[in-house]
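I have placed the structure first, in the form of structure tokens, so that the comments after it can refer back to it.
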Amino acid sequence: MTTQPHEKTLEIRQLNATLPNGMRLLRDVSLTLEPGEVRALVGESGAGKSMIGRAVLGILPSAVVHSSGDILLEGQSLNALRPKTRRSTVAKMSALIPQDPLTALNPVRKIGPQITDPLVRIHRWSRDRALKRALELLERVHIRNPERVINSYPHELSGGMRQRILIAAAFAPSPRLIVADEPTTALDVTVQKQILQLIRELQRETGTAVLFVTHDMGVVAKISQKVTVLFAGRVLEDAPTEAIFNDATHPYTRGLIAATPTPNATAEPFRPVPQDLIAQLQRDTQAEDMRFYQGGRK
Amino acid sequence: MTYSPTPPKPPLFSVRNLRLSFPDHAHKPLFGAAPRIEVLKGLDLDIPEGRITGIVGESGSGKSTFGRVLVRLLEPDTGEVLFDGQDISTLDENALRPLRRNLQMIFQDPMSSLNPRHKVWRIIAQPMKRYKCGGTREDAVNALEKVGLPADFADRYPHELSGGQRQRVGIARAIALQPRFILADEIVSGLDVSSQAQVLSLLQNLAREMGLTIAFISHDLSVIRHLCDEVIVLNHGEIVDCGPVEEVFSNPQSDITKSLLSAIPRPEIDESWFN
């Protein structure tokens with residue numbers, strides 16, 4: 001697995017996802033991710049940010065009936081693959097850091113096998129090698145006593161520890177792509193900072209590309225190099241992080257940044273995104289849907 | 001006759017040497033009692049009337065436990081909790097009943113704290129009926145208007161609302177009883193930034209208009225800074241910082257407060273943040 005990485009780890013081309021009732025979840029979403037890059041997907045709840053991550057991993061809810069467009073992992077079109085090959089390709093190249101570390105871990109199994117199983121079954125490693133790697137990674141995520149932890153059950157560990165374990169599990173096979181779905185939303189600020197730091201360290205070391213789903217513009221500013229701003233499943237703005245924070249072109253992006261509270265004293269503390277802007281965006285989206293359905297699918 | 005300013009109001013809550021512990025069943029010996037974990041280790045503080053007091057700390061600091069003692073969902077081991085001069089720390093359920101109306105709560109997760117089978121107006125009206133202070137559909141609609149929701153929301157079910165709207169219903173239910181005290185436990189941590197800002201500015205306006213006394217539990221110092229008048233920082237069941245928000249933020253005394261402040265990711269590019 002030491003082949004030269006493809007110039008684009010991930011490429012999403014005009015991805016659409018629709019519910020059976022015709023409601024569109026993703027609208028012509030396109031984006032690319034280069035090796036070693038962190039791209040933040042931001043938007044409010046319902047904007048479709050988690051949906052993109054799930055589409056890439058092939059774990060969209062079964063209710064999503066129709067999706068068009070293509071996803072390329074390391075230049076390999078996933079559409080071109082048979083479902084079984086597609087699943088194994090995605091499993092070998094990518095990993096997920098989920099939001100809720102308690103539901104993501106199996107409560108009746110010890111930590112050790114939960115990290116090593118994918119390494120053995122998907123990556124065909126020997127048990128010994130997998131175990132060694134698990135211990136190594138647990139140490140990397142600053143877990144003090146890895147030998148004890150792999151023999152623990154999830155309920156014996158704190159939320160921050162569990163999230164670190166999931167990060168270790170995700171990075172263990174050195175995947176090309178990691179989808180991090182709001183990995184710090186459930187955590188305290190101090191633990192959040194440690195976790196962000198870890199993701200950054202590991203990601204820089206391994207050259208893994210990360211698709212980082214979040215709604216916190218503060219986190220975006222710290223962790224990402226590129227940002228995709230989503231509204232109702234539509235890409236509103238796609239730019240380098242610096243450009244987003246120094247001069248965002250879209251008023252919605254500026255609204256999101258302004259709505260993020262900071263501990264500085266300000267005259268007007270709580271600034272939600274203006275209602276008329278949201279109404280305008282909703283009208284735009286509807287108009288686009290009309291064109292989409294009248295024009296037929298491309 | 002000399003002019004005397006109005007005397008400062010006595011605090012609504014006076015807490016003295018409050019201690020609380022839970023049994024630690026993970027380390028219970030086969031025979032005998034489980035060892036106890038101290039969650040609150042002797043808190044002394046006042047909560048002033050008509051103001052918003054923020055309670056911050058990391059998870060496990062005891063902030064929610066402390067809140068639950070204030071509204072007497074938990075009984076402390078020792079210590080006094082004076083509510084309006086009356087010690088409520090050891091009252092039994094019967095004696096507490098007349099006070100319950102004055103000790104209201106807004107919960108973190110509105111989906112699990114609003115009955116999914118009831119329409120919004122019933123959710124708001126039921127406690128009003130219970131405490132004999134109204135309880136008609138009209139009363140509920142009035143409360144809805146106060147939190148900025150139109151009257152036609154009265155006939156909706158909780159699942160038909162967005163997260164921010166549900167949290168407004170939770171607020172409406174609490175303020176409809178005109179309580180002396182409201183405990184708000186992490187009420188915006190489940191919301192995205194924009195609805196968070198909406199709910200917080202609503203709460204701030206309501207507090208000003210109605211002179212509410214609120215204890216606002218949060219782990220988010222940025223929110224506390226803008227919403228609260230006073231702040232208490234807890235760590236492992238002890239107070240490490242307290243005072244007016246301005247003071248604590250501009251001159252934090254403890255390392256805990258400092259590290260909480262520096263861990264906030266601000267929405268600006270700053271390469272040195274991680275170091």
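To be explicit about the labels: the chains of the structure tokens are called A, B, and onward in the order shown, and within each one the residues are counted from 1, while ligands get numbers from 1 in the order they are shown.
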
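Residues in contact with segment 270-281 of chain A at 9 Å, where only C-alpha atoms are counted and same-chain residues fewer than 3 positions away are skipped, are listed as Phe231, Ala232, Pro251, Tyr252, Arg254, Gly255, Leu256, Ala258, Ala259, Thr260, Pro261, Asp284, Thr285 and Gln286 of chain A; Val193, Ser194, Ser195, Gln196, Ala197, Gln198, Leu200, Ser201, Val223, His226 and Leu227 of chain B.
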
Write the residues of the selection above to a file with N, CA and C atoms, as a PDB file, in the first residue's frame.
ATOM      1  N   PHE A 231     -25.891  25.129   1.989  1.00  0.00           N
ATOM      2  CA  PHE A 231     -27.224  25.528   2.436  1.00  0.00           C
ATOM      3  C   PHE A 231     -28.226  24.674   1.673  1.00  0.00           C
ATOM      4  N   ALA A 232     -29.098  23.992   2.393  1.00  0.00           N
ATOM      5  CA  ALA A 232     -30.112  23.131   1.775  1.00  0.00           C
ATOM      6  C   ALA A 232     -29.510  22.218   0.703  1.00  0.00           C
ATOM      7  N   PRO A 251     -22.860  36.323   1.490  1.00  0.00           N
ATOM      8  CA  PRO A 251     -23.374  36.906   2.733  1.00  0.00           C
ATOM      9  C   PRO A 251     -23.750  35.848   3.775  1.00  0.00           C
ATOM     10  N   TYR A 252     -24.158  34.667   3.300  1.00  0.00           N
ATOM     11  CA  TYR A 252     -24.528  33.609   4.252  1.00  0.00           C
ATOM     12  C   TYR A 252     -23.317  33.157   5.062  1.00  0.00           C
ATOM     13  N   ARG A 254     -20.715  34.976   5.735  1.00  0.00           N
ATOM     14  CA  ARG A 254     -20.436  36.051   6.706  1.00  0.00           C
ATOM     15  C   ARG A 254     -21.407  35.971   7.879  1.00  0.00           C
ATOM     16  N   GLY A 255     -22.673  35.625   7.574  1.00  0.00           N
ATOM     17  CA  GLY A 255     -23.682  35.482   8.628  1.00  0.00           C
ATOM     18  C   GLY A 255     -23.308  34.392   9.612  1.00  0.00           C
ATOM     19  N   LEU A 256     -22.825  33.259   9.087  1.00  0.00           N
ATOM     20  CA  LEU A 256     -22.435  32.153   9.965  1.00  0.00           C
ATOM     21  C   LEU A 256     -21.280  32.554  10.872  1.00  0.00           C
ATOM     22  N   ALA A 258     -20.503  35.586  11.807  1.00  0.00           N
ATOM     23  CA  ALA A 258     -20.973  36.577  12.777  1.00  0.00           C
ATOM     24  C   ALA A 258     -21.800  35.938  13.879  1.00  0.00           C
ATOM     25  N   ALA A 259     -22.474  34.828  13.554  1.00  0.00           N
ATOM     26  CA  ALA A 259     -23.338  34.184  14.551  1.00  0.00           C
ATOM     27  C   ALA A 259     -22.534  33.399  15.583  1.00  0.00           C
ATOM     28  N   THR A 260     -21.263  33.137  15.278  1.00  0.00           N
ATOM     29  CA  THR A 260     -20.456  32.358  16.210  1.00  0.00           C
ATOM     30  C   THR A 260     -20.054  33.215  17.396  1.00  0.00           C
ATOM     31  N   PRO A 261     -20.447  32.820  18.607  1.00  0.00           N
ATOM     32  CA  PRO A 261     -20.119  33.652  19.756  1.00  0.00           C
ATOM     33  C   PRO A 261     -18.624  33.580  20.096  1.00  0.00           C
ATOM     34  N   ASP A 284     -34.359  30.918  -3.842  1.00  0.00           N
ATOM     35  CA  ASP A 284     -33.406  30.512  -4.881  1.00  0.00           C
ATOM     36  C   ASP A 284     -33.420  29.000  -5.063  1.00  0.00           C
ATOM     37  N   THR A 285     -33.404  28.316  -3.916  1.00  0.00           N
ATOM     38  CA  THR A 285     -33.351  26.858  -3.959  1.00  0.00           C
ATOM     39  C   THR A 285     -34.593  26.295  -4.637  1.00  0.00           C
ATOM     40  N   GLN A 286     -35.766  26.885  -4.285  1.00  0.00           N
ATOM     41  CA  GLN A 286     -37.004  26.407  -4.906  1.00  0.00           C
ATOM     42  C   GLN A 286     -36.992  26.632  -6.405  1.00  0.00           C
TER      43      GLN A 286
ATOM     44  N   VAL B 193     -25.257  27.287  15.341  1.00  0.00           N
ATOM     45  CA  VAL B 193     -24.960  28.649  15.802  1.00  0.00           C
ATOM     46  C   VAL B 193     -26.073  29.648  15.589  1.00  0.00           C
ATOM     47  N   SER B 194     -26.739  29.572  14.431  1.00  0.00           N
ATOM     48  CA  SER B 194     -27.724  30.598  14.138  1.00  0.00           C
ATOM     49  C   SER B 194     -28.951  30.467  15.044  1.00  0.00           C
ATOM     50  N   SER B 195     -29.471  29.246  15.222  1.00  0.00           N
ATOM     51  CA  SER B 195     -30.627  29.104  16.115  1.00  0.00           C
ATOM     52  C   SER B 195     -30.218  29.323  17.561  1.00  0.00           C
ATOM     53  N   GLN B 196     -28.951  29.008  17.856  1.00  0.00           N
ATOM     54  CA  GLN B 196     -28.423  29.295  19.180  1.00  0.00           C
ATOM     55  C   GLN B 196     -28.526  30.793  19.475  1.00  0.00           C
ATOM     56  N   ALA B 197     -28.085  31.594  18.520  1.00  0.00           N
ATOM     57  CA  ALA B 197     -28.135  33.047  18.695  1.00  0.00           C
ATOM     58  C   ALA B 197     -29.576  33.533  18.864  1.00  0.00           C
ATOM     59  N   GLN B 198     -30.503  32.933  18.098  1.00  0.00           N
ATOM     60  CA  GLN B 198     -31.911  33.335  18.222  1.00  0.00           C
ATOM     61  C   GLN B 198     -32.452  33.024  19.614  1.00  0.00           C
ATOM     62  N   LEU B 200     -30.855  32.489  22.400  1.00  0.00           N
ATOM     63  CA  LEU B 200     -30.196  33.243  23.463  1.00  0.00           C
ATOM     64  C   LEU B 200     -30.672  34.684  23.516  1.00  0.00           C
ATOM     65  N   SER B 201     -30.856  35.314  22.343  1.00  0.00           N
ATOM     66  CA  SER B 201     -31.295  36.708  22.404  1.00  0.00           C
ATOM     67  C   SER B 201     -32.730  36.777  22.909  1.00  0.00           C
ATOM     68  N   VAL B 223     -20.865  31.960  25.316  1.00  0.00           N
ATOM     69  CA  VAL B 223     -22.286  32.200  25.541  1.00  0.00           C
ATOM     70  C   VAL B 223     -22.507  32.855  26.893  1.00  0.00           C
ATOM     71  N   HIS B 226     -21.883  36.655  27.079  1.00  0.00           N
ATOM     72  CA  HIS B 226     -22.844  37.605  26.520  1.00  0.00           C
ATOM     73  C   HIS B 226     -24.195  37.572  27.210  1.00  0.00           C
ATOM     74  N   LEU B 227     -24.507  36.426  27.803  1.00  0.00           N
ATOM     75  CA  LEU B 227     -25.853  36.281  28.357  1.00  0.00           C
ATOM     76  C   LEU B 227     -25.918  36.641  29.839  1.00  0.00           C
TER      77      LEU B 227
END

Contacts of Leu12 of chain B at 12 Å (only C-alpha atoms; same-chain gap of 2+ positions) as a compact mmCIF listing (two decimals) with C-alpha atoms, in the first residue's frame:
# COMPACT_ATOMS: atom_id res chain seq x y z
CA PRO B 8 -29.75 45.81 47.42
CA LYS B 9 -32.19 42.95 47.12
CA PRO B 10 -31.37 39.94 49.25
CA SER B 14 -28.09 31.44 49.53
CA VAL B 15 -26.09 28.27 49.46
CA LEU B 45 -22.51 31.14 47.05
CA ASP B 46 -25.43 33.49 46.49
CA ILE B 47 -27.62 33.74 43.45
CA PRO B 48 -28.92 37.30 43.14
CA GLU B 49 -32.53 37.95 42.25
CA GLY B 50 -33.45 39.31 38.82
CA ARG B 51 -30.16 38.41 37.22
CA ILE B 52 -28.72 35.65 35.08
CA THR B 53 -26.04 33.59 36.77
CA LEU B 70 -31.21 24.21 43.44
CA VAL B 81 -29.97 25.93 50.44
CA LEU B 82 -31.94 29.02 51.37
CA PHE B 83 -34.55 29.90 48.77
CA ASP B 84 -36.04 33.28 49.60
CA GLY B 85 -34.94 32.80 53.21
CA GLN B 86 -36.38 29.31 53.59
CA ASP B 87 -34.08 26.27 53.84
CA ASN B 102 -41.38 28.78 41.47
CA LEU B 103 -38.54 26.42 40.59
CA ARG B 180 -39.26 33.04 40.70
CA PHE B 181 -36.39 30.93 39.39
CA ILE B 182 -35.52 29.11 36.17
CA LEU B 212 -36.37 36.61 35.61
CA THR B 213 -33.81 34.97 37.83
CA ILE B 214 -32.00 32.35 35.79
CA ALA B 215 -29.17 29.94 36.49

Return as a PyMOL selection string the full set of residues in segment 77-227 of chain A whose backbone-based DSSP assignment is strand (DSSP E or B). chain A and resi 77+94-97+177-181+209-214+226-227

Any chance you can output those residues with N, CA and C atoms as a JSON list (two decimals), in the first residue's frame?
[["chain", "number", "residue", "atom", "x", "y", "z"],
["A", 77, "SER", "N", -13.59, 5.75, -10.14],
["A", 77, "SER", "CA", -15.01, 6.07, -10.08],
["A", 77, "SER", "C", -15.77, 4.98, -9.34],
["A", 94, "SER", "N", -10.88, 4.33, 3.19],
["A", 94, "SER", "CA", -11.40, 5.42, 4.02],
["A", 94, "SER", "C", -11.84, 4.93, 5.39],
["A", 95, "ALA", "N", -12.06, 5.89, 6.27],
["A", 95, "ALA", "CA", -12.53, 5.58, 7.62],
["A", 95, "ALA", "C", -13.39, 6.72, 8.11],
["A", 96, "LEU", "N", -14.17, 6.45, 9.15],
["A", 96, "LEU", "CA", -15.09, 7.44, 9.69],
["A", 96, "LEU", "C", -14.75, 7.70, 11.16],
["A", 97, "ILE", "N", -14.74, 8.98, 11.54],
["A", 97, "ILE", "CA", -14.74, 9.32, 12.96],
["A", 97, "ILE", "C", -16.14, 9.85, 13.26],
["A", 177, "LEU", "N", -8.40, 8.58, 3.19],
["A", 177, "LEU", "CA", -9.44, 9.57, 3.45],
["A", 177, "LEU", "C", -10.12, 9.26, 4.78],
["A", 178, "ILE", "N", -10.33, 10.31, 5.58],
["A", 178, "ILE", "CA", -11.13, 10.14, 6.79],
["A", 178, "ILE", "C", -12.28, 11.12, 6.75],
["A", 179, "VAL", "N", -13.48, 10.63, 7.01],
["A", 179, "VAL", "CA", -14.63, 11.50, 7.16],
["A", 179, "VAL", "C", -14.85, 11.68, 8.65],
["A", 180, "ALA", "N", -14.69, 12.91, 9.14],
["A", 180, "ALA", "CA", -14.89, 13.21, 10.56],
["A", 180, "ALA", "C", -16.23, 13.93, 10.68],
["A", 181, "ASP", "N", -17.22, 13.23, 11.26],
["A", 181, "ASP", "CA", -18.58, 13.79, 11.31],
["A", 181, "ASP", "C", -18.82, 14.43, 12.67],
["A", 209, "ALA", "N", -6.17, 12.65, 3.96],
["A", 209, "ALA", "CA", -7.07, 13.77, 3.69],
["A", 209, "ALA", "C", -8.29, 13.63, 4.58],
["A", 210, "VAL", "N", -8.79, 14.76, 5.11],
["A", 210, "VAL", "CA", -9.92, 14.70, 6.03],
["A", 210, "VAL", "C", -11.07, 15.57, 5.53],
["A", 211, "LEU", "N", -12.24, 14.97, 5.49],
["A", 211, "LEU", "CA", -13.47, 15.71, 5.23],
["A", 211, "LEU", "C", -14.09, 15.97, 6.59],
["A", 212, "PHE", "N", -14.06, 17.21, 7.04],
["A", 212, "PHE", "CA", -14.40, 17.53, 8.42],
["A", 212, "PHE", "C", -15.77, 18.21, 8.47],
["A", 213, "VAL", "N", -16.77, 17.47, 8.94],
["A", 213, "VAL", "CA", -18.13, 18.01, 9.01],
["A", 213, "VAL", "C", -18.31, 18.72, 10.34],
["A", 214, "THR", "N", -18.76, 19.98, 10.32],
["A", 214, "THR", "CA", -18.97, 20.71, 11.57],
["A", 214, "THR", "C", -19.92, 21.87, 11.34],
["A", 226, "LYS", "N", -9.41, 24.21, 3.53],
["A", 226, "LYS", "CA", -10.45, 24.58, 2.56],
["A", 226, "LYS", "C", -11.81, 24.47, 3.25],
["A", 227, "VAL", "N", -12.74, 25.25, 2.74],
["A", 227, "VAL", "CA", -14.08, 25.24, 3.33],
["A", 227, "VAL", "C", -15.14, 25.14, 2.23]]

Residues of chain A within 7 Å of chain B, counting only C-alpha atoms, what are they? List them as number ranges by chain. A: 44-45, 188-190, 193, 197, 215, 217-219, 221-222, 242, 245, 256-257, 259-263, 269-273

Which polymer residues have any atom within 12 Å of an atom of segment 145-153 of chain B, counting only C-alpha atoms, with same-chain residues fewer than 5 positions away left out, as JSON, numbers by chain? {"B": [119, 120, 121, 122, 123, 124, 137, 138, 139, 140, 158, 159, 160, 161, 162, 164, 165, 166, 167, 168, 169, 170, 171, 172, 173, 174, 175, 176, 198, 199, 200, 201, 202, 203, 204, 205, 206, 207, 209, 210]}

Okay, now the selection with N, CA, C and O atoms, as a short mmCIF file (atom, residue, chain, number, x, y, z; two decimals), in the first residue's frame?
data_model
loop_
_atom_site.label_atom_id
_atom_site.label_comp_id
_atom_site.auth_asym_id
_atom_site.auth_seq_id
_atom_site.Cartn_x
_atom_site.Cartn_y
_atom_site.Cartn_z
N LYS B 119 -50.00 18.08 21.75
CA LYS B 119 -49.80 19.27 20.95
C LYS B 119 -49.12 20.33 21.81
O LYS B 119 -49.23 20.30 23.04
N VAL B 120 -48.49 21.27 21.11
CA VAL B 120 -47.70 22.29 21.81
C VAL B 120 -48.51 23.02 22.88
O VAL B 120 -48.04 23.21 24.00
N TRP B 121 -49.76 23.38 22.56
CA TRP B 121 -50.51 24.17 23.54
C TRP B 121 -50.76 23.37 24.81
O TRP B 121 -50.72 23.90 25.91
N ARG B 122 -50.94 22.04 24.67
CA ARG B 122 -51.20 21.23 25.85
C ARG B 122 -49.94 21.09 26.69
O ARG B 122 -50.01 21.07 27.93
N ILE B 123 -48.80 21.01 26.00
CA ILE B 123 -47.54 20.92 26.73
C ILE B 123 -47.34 22.14 27.63
O ILE B 123 -46.89 22.03 28.77
N ILE B 124 -47.74 23.31 27.10
CA ILE B 124 -47.57 24.54 27.87
C ILE B 124 -48.66 24.68 28.93
O ILE B 124 -48.40 25.12 30.05
N ARG B 137 -56.22 27.23 26.37
CA ARG B 137 -55.50 27.31 25.11
C ARG B 137 -54.98 28.72 24.88
O ARG B 137 -53.87 28.93 24.42
N GLU B 138 -55.82 29.71 25.28
CA GLU B 138 -55.42 31.10 25.10
C GLU B 138 -54.16 31.44 25.89
O GLU B 138 -53.28 32.13 25.40
N ASP B 139 -54.11 30.94 27.14
CA ASP B 139 -52.91 31.19 27.95
C ASP B 139 -51.68 30.64 27.25
O ASP B 139 -50.61 31.26 27.24
N ALA B 140 -51.84 29.44 26.69
CA ALA B 140 -50.71 28.82 26.01
C ALA B 140 -50.30 29.65 24.79
O ALA B 140 -49.11 29.86 24.55
N PRO B 158 -44.46 18.28 18.79
CA PRO B 158 -43.03 18.60 18.88
C PRO B 158 -42.20 18.15 17.67
O PRO B 158 -41.28 18.84 17.25
N HIS B 159 -42.54 16.99 17.09
CA HIS B 159 -41.70 16.50 15.99
C HIS B 159 -41.84 17.35 14.74
O HIS B 159 -41.03 17.24 13.83
N GLU B 160 -42.87 18.21 14.70
CA GLU B 160 -43.05 19.06 13.52
C GLU B 160 -42.23 20.35 13.62
O GLU B 160 -42.27 21.18 12.72
N LEU B 161 -41.53 20.53 14.73
CA LEU B 161 -40.79 21.78 14.93
C LEU B 161 -39.30 21.56 14.73
O LEU B 161 -38.81 20.44 14.87
N SER B 162 -38.59 22.64 14.44
CA SER B 162 -37.13 22.56 14.37
C SER B 162 -36.57 22.61 15.79
O SER B 162 -37.28 22.93 16.74
N GLY B 164 -34.60 24.71 17.30
CA GLY B 164 -34.71 26.02 17.94
C GLY B 164 -36.15 26.31 18.37
O GLY B 164 -36.38 26.86 19.45
N GLN B 165 -37.11 25.91 17.53
CA GLN B 165 -38.52 26.13 17.88
C GLN B 165 -38.93 25.30 19.08
O GLN B 165 -39.66 25.76 19.96
N ARG B 166 -38.43 24.06 19.13
CA ARG B 166 -38.74 23.19 20.27
C ARG B 166 -38.20 23.80 21.56
O ARG B 166 -38.85 23.78 22.59
N GLN B 167 -36.99 24.35 21.46
CA GLN B 167 -36.40 24.92 22.65
C GLN B 167 -37.21 26.15 23.09
O GLN B 167 -37.36 26.39 24.28
N ARG B 168 -37.80 26.88 22.13
CA ARG B 168 -38.68 28.00 22.49
C ARG B 168 -39.91 27.52 23.23
O ARG B 168 -40.40 28.18 24.15
N VAL B 169 -40.44 26.38 22.81
CA VAL B 169 -41.60 25.82 23.51
C VAL B 169 -41.21 25.49 24.95
O VAL B 169 -41.96 25.76 25.89
N GLY B 170 -40.00 24.93 25.12
CA GLY B 170 -39.52 24.64 26.48
C GLY B 170 -39.45 25.90 27.32
O GLY B 170 -39.82 25.90 28.49
N ILE B 171 -38.99 26.99 26.70
CA ILE B 171 -38.92 28.27 27.41
C ILE B 171 -40.31 28.76 27.75
O ILE B 171 -40.60 29.19 28.86
N ALA B 172 -41.23 28.65 26.76
CA ALA B 172 -42.62 29.10 26.97
C ALA B 172 -43.25 28.36 28.14
O ALA B 172 -43.93 28.95 28.98
N ARG B 173 -43.01 27.05 28.21
CA ARG B 173 -43.60 26.25 29.29
C ARG B 173 -43.10 26.74 30.65
O ARG B 173 -43.87 26.81 31.60
N ALA B 174 -41.81 27.08 30.71
CA ALA B 174 -41.26 27.53 31.99
C ALA B 174 -41.78 28.92 32.38
O ALA B 174 -42.23 29.12 33.50
N ILE B 175 -41.77 29.86 31.42
CA ILE B 175 -42.13 31.23 31.82
C ILE B 175 -43.64 31.39 32.01
O ILE B 175 -44.08 32.30 32.70
N ALA B 176 -44.45 30.49 31.43
CA ALA B 176 -45.91 30.61 31.56
C ALA B 176 -46.34 30.54 33.02
O ALA B 176 -47.37 31.08 33.40
N GLN B 198 -30.50 32.93 18.10
CA GLN B 198 -31.91 33.34 18.22
C GLN B 198 -32.45 33.02 19.61
O GLN B 198 -33.08 33.88 20.26
N VAL B 199 -32.22 31.79 20.08
CA VAL B 199 -32.77 31.38 21.37
C VAL B 199 -32.16 32.22 22.50
O VAL B 199 -32.86 32.65 23.41
N LEU B 200 -30.85 32.49 22.40
CA LEU B 200 -30.20 33.24 23.46
C LEU B 200 -30.67 34.68 23.52
O LEU B 200 -30.89 35.23 24.59
N SER B 201 -30.86 35.31 22.34
CA SER B 201 -31.29 36.71 22.40
C SER B 201 -32.73 36.78 22.91
O SER B 201 -33.11 37.70 23.62
N LEU B 202 -33.52 35.74 22.59
CA LEU B 202 -34.88 35.67 23.13
C LEU B 202 -34.84 35.58 24.65
O LEU B 202 -35.52 36.33 25.36
N LEU B 203 -34.00 34.67 25.16
CA LEU B 203 -33.92 34.47 26.60
C LEU B 203 -33.46 35.75 27.30
O LEU B 203 -33.97 36.14 28.35
N GLN B 204 -32.50 36.43 26.67
CA GLN B 204 -31.98 37.66 27.26
C GLN B 204 -33.08 38.74 27.33
O GLN B 204 -33.24 39.40 28.35
N ASN B 205 -33.85 38.87 26.23
CA ASN B 205 -34.92 39.86 26.23
C ASN B 205 -36.00 39.53 27.25
O ASN B 205 -36.48 40.41 27.97
N LEU B 206 -36.37 38.25 27.32
CA LEU B 206 -37.39 37.85 28.29
C LEU B 206 -36.92 38.14 29.71
O LEU B 206 -37.69 38.62 30.54
N ALA B 207 -35.64 37.82 29.97
CA ALA B 207 -35.11 38.02 31.31
C ALA B 207 -35.18 39.50 31.69
O ALA B 207 -35.54 39.85 32.81
N GLU B 209 -37.25 41.85 30.34
CA GLU B 209 -38.64 42.31 30.44
C GLU B 209 -39.32 41.81 31.70
O GLU B 209 -40.05 42.54 32.36
N MET B 210 -39.12 40.51 32.00
CA MET B 210 -39.88 39.92 33.09
C MET B 210 -39.10 39.89 34.40
O MET B 210 -39.61 39.44 35.41
#

Helix (DSSP H, G or I) residues, from DSSP on the backbone, in segment 46-288 of chain A, as an MDAnalysis selection string: chainID A and resid 49:57 83:93 101:104 111:121 127:140 146:149 154:156 159:171 189:206 217:223 241:247 251:259 275:288
